[in-house]
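Asks: One structure follows; several queries about it will come next.
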Amino acid sequence: MVAVNEHVKFDKAKLPSRHVTEGPSRAPHRSYYYAMGLNRGQIHQPFIGVASCWNEAAPCNIALMRQAQAVKKGVASAGGTPREFCTITVTDGIAMGHQGMKSSLVSREVIADSVELTMRGHSYDALVGIAGCDKSLPGMMMAMVRLNVPSIFIYGGSILPGSFKGNPVTVQDVFEAVGKHSVGDMSDDDLEELETVACPGAGACGAQFTANTMATVSEAIGLALPYSAGAPAPYEIRDTFCFTAGEMIMDLIKRNIRPRDIVTLQSLRNAAAAVAASGGSTNAALHLPAIAHECGIKFDLFDVAEIFKKTPYIADLKPGGKYVAKDMFEVGGIPLLMKTLVDHGYMDGDCMTVTGRTIAENLASVKWNDDQDVVRPADKPITITGGVVGLKGNLAPEGAIVKVAGMASEHQVFSGPARCFDCEEDAFEAVKKRDYKEGDVLVIRYEGPKGGPGMREMLATTAALYGQGMGDKVALITDGRFSGATRGFCVGHVGPEAAVGGPIGLIRDGDVIELNAITGTLDVRLSDAELEERHRGWKPRQTDYQSGALWKFAQTVGSARDGAVTHPGGKAETHVYADI
């Protein structure tokens with residue numbers, strides 16, 4: 001049957017929703033849609049899944065329901081039938097610093113899986129996905145490329161900066177204030193005032209932390225409309241982007257442009273370049289391989305690190321710089337960043353995007369803005385090395401990652417004795433009590449994907465170090481992760497992780513660790529023979545999680561090098577949902 005709209009005609013003969021709306025045998029299915037107020041014409045139009053991560057967990061997600069309504073209006077105006085549904089989010093800012101953070105990375109898989117199951121179960125033809133907090137962005141993009149139905153990604157938008165004593169502040173300042181307070185450098189009253197003003201409304205953390213990093217990825221990889229990922233959550237233009245996405249998803253159905261036409265090896269390289277150029281979160285080195293995995297493309301930590309190494313750092317964004325996402329949006333947005341990267345050969349302009357045009361075509365009318373210093377030209381960078389660097393050595397045979405944006409070159413080399421902790425809580429207690437020495441390398445292990453389980457972020461500990469004025473006087477390494485708000489010599493994703501017998505689980509207090517972000521090395525001053533001897537005496541540990549979702553995640557999750565994924569991915573597929 002052909003669906004009729006006054007503007008566009010869609011033949012549903014090859015669309016998934018034909019399985020629930022077409023023919024006499026689907027009369028029971030159609031009766032459900034009549035029960036929800038749809039008419040005959042709407043039932044025989046393409047069904048568009050409008051997925052959001054709305055919840056009341058944090059400001060990152062609170063505006064997403066409103067934005068979903070704007071998407072639905074756009075879909076309906078272009079001859080589609082929107083079907084709204086929600087999935088979960090675990091918000092890192094709330095989960096941070098306690099056992100709740102173990103749920104964060106696991107939520108990425110649950111988001112991707114739940115969107116897949118909702119789309120499959122109801123045979124929706126296309127997807128507009130709206131996400132607001134760290135893991136929800138890659139989780140939604142993973143679902144898009146897994147399903148391979150026409151899809152558009154929408155970011156819920158960043159928060160506006162707060163103001164404390166006349167200075168702009170973000171939640172990063174609050175985390176670091178905890179460290180200041182612990183050493184008597186901030187009063188109870190000032191800490192209380194700061195916490196009440198740092199986050200003035202809806203939106204994800206405003207600096208180039210993980211949410212804004214993956215929002216940058218969404219435009220650079222081609223899954224989001226130009227400029228849409230930069231607009232702050234409170235701005236009314238967000239609803240315009242959402243309405244437009246609803247309209248344009250219908251065009252993608254008509255032209256049969258799918259996510260895997262957009263997400264290619266070259267577009268993944270483009271995304272990695274945008275992360276490095278913007279001084280983005282190290283978590284991108286986990287999420288880009290996971291997105292690639294869904295397509296069946298090999299693009300692991302070392303591939304990401306290679307792009308990072310040769311891309312200049314050009315966007316002066318917090319936490320290493322001085323501006324936030326709102327500032328970049330107002331001087332030209334992510335397209336301004338992409339324009340100079342394309343012009344100077346750091347991004348490929350020939351990649352397809354959800355506009356139906358290439359990146360170069362999208363950027364054709366973008367003019368460089370000389371009246372700003374948020375984004376530098378790519379040939380006049382802040383530093384010639386990307387804002388994120390990959391490391392490898394006898395302590396990290398499967399690699400590790402460190403964010404160097406804003407770090408002086410003399411601080412990118414560090415050597416010192418190990419101080420080992422087998423969980424984040426123990427390290428945080430030691431930092432609170434100043435029970436460490438200048439020059440130490442703090443080691444937090446058994447926090448990897450399996451060992452945590454869940455690969456927690458470590459912002460509470462690193463922020464407390466900065467608050468104590470010790471951020472550049474110690475280093476920290478972990479098989480867990482760091483928040484995008486982390487700064488200083490903090491190395492994450494060390495692999496293999498301790499839980500599977502990786503070298504990070506074998507080192508002892510006092511072993512000398514050598515870190516060099518310039519040469520890209522991470523070593524412990526031990527011979528191969530000594531490491532092998534220690535490995536023979538090593539025994540695996542049992543976590544406290546022997547049932548439930550975290551246990552299930554630990555059984556299937558792979559190495560951080562490959563994105564900490566939990567299923568075989570696109571290479572193992574025998575069918576793609578879009579072609580059912």
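Lettering and numbering for the structure tokens are positional, with chains as A, B, ... in the shown order, residues counted from 1 in each chain, and ligands counted from 1 in the shown order.
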Can you tell me, as a list of chain:residue names, which residues in stretch 188-235 of chain A count as alpha helix (DSSP H) by DSSP?
Replies: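 Alpha helix (DSSP H) members of stretch 188-235 of chain A, listed: A:Asp188, A:Asp189, A:Asp190, A:Leu191, A:Glu192, A:Glu193, A:Leu194, A:Glu195, A:Thr196, A:Val197, A:Thr210, A:Ala211, A:Asn212, A:Thr213, A:Met214, A:Ala215, A:Thr216, A:Val217, A:Ser218, A:Glu219, A:Ala220.
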Asks: Let me see the file: selected residues, C-alpha atoms, as a CSV table (one decimal), in the first residue's frame.
Replies:
chain,number,residue,atom,x,y,z
A,188,ASP,CA,31.9,26.5,53.9
A,189,ASP,CA,29.9,29.6,52.8
A,190,ASP,CA,31.8,30.0,49.5
A,191,LEU,CA,31.5,26.3,48.7
A,192,GLU,CA,27.7,26.5,49.3
A,193,GLU,CA,27.3,29.6,47.2
A,194,LEU,CA,29.4,28.1,44.3
A,195,GLU,CA,27.3,24.9,44.2
A,196,THR,CA,24.1,27.0,44.0
A,197,VAL,CA,25.2,29.1,41.0
A,210,THR,CA,32.5,14.2,27.2
A,211,ALA,CA,29.0,15.4,26.2
A,212,ASN,CA,30.3,18.3,24.1
A,213,THR,CA,33.1,16.2,22.7
A,214,MET,CA,30.7,13.6,21.4
A,215,ALA,CA,28.4,16.4,20.2
A,216,THR,CA,31.3,17.7,18.2
A,217,VAL,CA,31.8,14.1,16.9
A,218,SER,CA,28.1,14.0,15.8
A,219,GLU,CA,28.6,16.9,13.4
A,220,ALA,CA,32.1,15.9,12.3
Asks: Pick out each residue of stretch 325-560 of chain A that DSSP on the backbone tags as strand (DSSP E or B); I need them as a PyMOL selection string.
Replies: chain A and resi 352+358+375+383+388-393+396-403+413-421+441-444+457+475-478+481+490-492+512-516+521-524
Asks: Mind pulling up the distance from atom CA of A:Ile94 to atom CA of A:Val500?
Replies: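 Atom-to-atom, atom CA of A:Val500 and atom CA of A:Ile94 are spaced 29.0 Å apart.
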Asks: Could you check the closest approach to A:Asp173 for each of A:Ala460, A:Ala276, A:Ala285, A:Ile477 and tell me which residue wins, using only C-alpha atoms?
Replies: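 For A:Asp173, the nearest of the given residues is A:Ala460.
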Asks: One number please: atom CA of A:Pro377 to atom CA of A:Leu341, in Å, one decimal.
Replies: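 Between atom CA of A:Pro377 and atom CA of A:Leu341 the gap is 8.1 Å.
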Asks: Stretch 52-147 of chain A near stretch 237-241 of chain A within 10 Å: what's each residue's closest atom pair and its distance in Å to one decimal, counting only C-alpha atoms, ordered by chain then ascending residue number, as JSON lines?
Replies:
{"residue": "A:Arg66", "atom": "CA", "partner": "A:Asp239", "partner_atom": "CA", "distance": 8.2}
{"residue": "A:Gln67", "atom": "CA", "partner": "A:Asp239", "partner_atom": "CA", "distance": 5.8}
{"residue": "A:Ala68", "atom": "CA", "partner": "A:Asp239", "partner_atom": "CA", "distance": 8.7}
{"residue": "A:Gln69", "atom": "CA", "partner": "A:Asp239", "partner_atom": "CA", "distance": 8.7}
{"residue": "A:Ala70", "atom": "CA", "partner": "A:Asp239", "partner_atom": "CA", "distance": 5.7}
{"residue": "A:Val71", "atom": "CA", "partner": "A:Asp239", "partner_atom": "CA", "distance": 7.8}
{"residue": "A:Gly74", "atom": "CA", "partner": "A:Thr240", "partner_atom": "CA", "distance": 9.2}
Asks: Could you pull the residues within 8 Å of stretch 505-520 of chain A, counting only C-alpha atoms, minus those fewer than 6 positions along the same chain, as JSON, numbers by chain?
Replies: {"A": [389, 390, 391, 392, 402, 404, 409, 412, 413, 414, 415, 416, 417, 418, 419, 420, 441, 445, 446, 497, 498, 499, 526, 531, 534, 535, 538]}
Asks: Name the residues in contact with A:Asp343 at a cut-off of 12 Å, using only C-alpha atoms, excluding same-chain residues fewer than 4 positions from it; report them as number ranges by chain.
Replies: A: 335-339, 347-349, 359-360, 363-364, 366-368, 377-379
Asks: Write a file of the selected residues as an mmCIF file, in the first residue's frame, keeping N, CA, C and O atoms.
Replies:
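So the final result, stored in again.cif, reads:
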data_model
loop_
_atom_site.group_PDB
_atom_site.id
_atom_site.type_symbol
_atom_site.label_atom_id
_atom_site.label_comp_id
_atom_site.auth_asym_id
_atom_site.auth_seq_id
_atom_site.Cartn_x
_atom_site.Cartn_y
_atom_site.Cartn_z
ATOM 1 N N PRO A 335 30.942 24.078 12.755
ATOM 2 C CA PRO A 335 31.347 24.272 11.357
ATOM 3 C C PRO A 335 32.581 25.162 11.192
ATOM 4 O O PRO A 335 33.367 24.963 10.271
ATOM 5 N N LEU A 336 32.767 26.140 12.075
ATOM 6 C CA LEU A 336 33.970 26.978 11.994
ATOM 7 C C LEU A 336 35.214 26.140 12.259
ATOM 8 O O LEU A 336 36.221 26.255 11.546
ATOM 9 N N LEU A 337 35.144 25.283 13.282
ATOM 10 C CA LEU A 337 36.240 24.367 13.581
ATOM 11 C C LEU A 337 36.504 23.443 12.402
ATOM 12 O O LEU A 337 37.654 23.261 11.962
ATOM 13 N N MET A 338 35.449 22.860 11.844
ATOM 14 C CA MET A 338 35.590 21.921 10.740
ATOM 15 C C MET A 338 36.117 22.611 9.491
ATOM 16 O O MET A 338 36.908 22.030 8.729
ATOM 17 N N LYS A 339 35.693 23.854 9.263
ATOM 18 C CA LYS A 339 36.108 24.593 8.063
ATOM 19 C C LYS A 339 37.621 24.710 7.986
ATOM 20 O O LYS A 339 38.242 24.406 6.953
ATOM 21 N N MET A 347 40.807 17.256 7.750
ATOM 22 C CA MET A 347 39.545 16.540 7.609
ATOM 23 C C MET A 347 39.229 16.372 6.136
ATOM 24 O O MET A 347 39.613 17.216 5.318
ATOM 25 N N ASP A 348 38.536 15.290 5.806
ATOM 26 C CA ASP A 348 38.152 14.994 4.427
ATOM 27 C C ASP A 348 36.762 15.576 4.164
ATOM 28 O O ASP A 348 35.775 15.143 4.770
ATOM 29 N N GLY A 349 36.674 16.536 3.268
ATOM 30 C CA GLY A 349 35.409 17.194 2.974
ATOM 31 C C GLY A 349 34.483 16.404 2.077
ATOM 32 O O GLY A 349 33.350 16.824 1.851
ATOM 33 N N ILE A 359 30.455 17.095 3.502
ATOM 34 C CA ILE A 359 30.944 18.087 4.461
ATOM 35 C C ILE A 359 31.390 19.350 3.729
ATOM 36 O O ILE A 359 31.063 20.473 4.145
ATOM 37 N N ALA A 360 32.128 19.185 2.656
ATOM 38 C CA ALA A 360 32.616 20.355 1.906
ATOM 39 C C ALA A 360 31.458 21.194 1.391
ATOM 40 O O ALA A 360 31.500 22.427 1.430
ATOM 41 N N LEU A 363 29.944 23.160 4.173
ATOM 42 C CA LEU A 363 30.813 24.232 4.659
ATOM 43 C C LEU A 363 31.088 25.313 3.615
ATOM 44 O O LEU A 363 31.792 26.287 3.911
ATOM 45 N N ALA A 364 30.531 25.156 2.425
ATOM 46 C CA ALA A 364 30.873 26.061 1.319
ATOM 47 C C ALA A 364 30.605 27.528 1.647
ATOM 48 O O ALA A 364 31.341 28.417 1.209
ATOM 49 N N VAL A 366 30.524 28.791 4.761
ATOM 50 C CA VAL A 366 31.094 29.180 6.060
ATOM 51 C C VAL A 366 32.308 30.074 5.826
ATOM 52 O O VAL A 366 33.246 29.700 5.121
ATOM 53 N N LYS A 367 32.287 31.244 6.416
ATOM 54 C CA LYS A 367 33.398 32.188 6.295
ATOM 55 C C LYS A 367 34.179 32.235 7.601
ATOM 56 O O LYS A 367 33.598 32.188 8.681
ATOM 57 N N TRP A 368 35.497 32.348 7.484
ATOM 58 C CA TRP A 368 36.319 32.419 8.685
ATOM 59 C C TRP A 368 36.026 33.712 9.447
ATOM 60 O O TRP A 368 35.842 34.774 8.844
ATOM 61 N N PRO A 377 43.043 29.384 13.484
ATOM 62 C CA PRO A 377 43.235 28.701 12.197
ATOM 63 C C PRO A 377 44.122 27.473 12.388
ATOM 64 O O PRO A 377 45.019 27.479 13.241
ATOM 65 N N ALA A 378 43.865 26.431 11.619
ATOM 66 C CA ALA A 378 44.610 25.187 11.800
ATOM 67 C C ALA A 378 46.091 25.331 11.494
ATOM 68 O O ALA A 378 46.902 24.514 11.945
ATOM 69 N N ASP A 379 46.469 26.359 10.734
ATOM 70 C CA ASP A 379 47.894 26.577 10.468
ATOM 71 C C ASP A 379 48.532 27.510 11.498
ATOM 72 O O ASP A 379 49.720 27.820 11.411
#
Asks: Using only C-alpha atoms, which of A:Gln99, A:Asn148, A:Ser278, A:Ser77 sits nearest A:Ala245?
Replies: A:Ser77
Asks: Using only C-alpha atoms, which residues sit within 6 Å of stretch 462-465 of chain A once same-chain residues fewer than 2 positions away are excluded, as a PDB file with C-alpha atoms, in the first residue's frame?
Replies:
ATOM      1  CA  PHE A 175      34.558  19.547  41.845  1.00  0.00           C
ATOM      2  CA  GLU A 176      37.858  21.406  42.211  1.00  0.00           C
ATOM      3  CA  GLY A 179      39.786  20.002  46.998  1.00  0.00           C
ATOM      4  CA  LEU A 459      36.981  13.185  38.295  1.00  0.00           C
ATOM      5  CA  ALA A 460      36.482  13.446  42.059  1.00  0.00           C
ATOM      6  CA  GLY A 467      41.940  21.976  44.317  1.00  0.00           C
ATOM      7  CA  GLN A 468      44.873  21.211  46.614  1.00  0.00           C
ATOM      8  CA  MET A 470      48.915  19.520  43.329  1.00  0.00           C
ATOM      9  CA  GLY A 471      47.435  18.952  39.866  1.00  0.00           C
TER      10      GLY A 471
END
Asks: Give the answer as one residue: which of A:Glu530, A:Met250, A:Pro259, A:Ala273 has the shortest atom-to-atom distance to A:Thr340, using only C-alpha atoms?
Replies: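 Among A:Glu530, A:Met250, A:Pro259, A:Ala273, it is A:Ala273 that comes nearest to A:Thr340.
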Asks: Which residue out of A:Gln372, A:Thr81, A:Asp11, A:Thr21 has the minimum interatomic distance to A:Gly37 when only C-alpha atoms are used?
Replies: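 Of the candidates, the smallest distance to A:Gly37 is held by A:Thr81.
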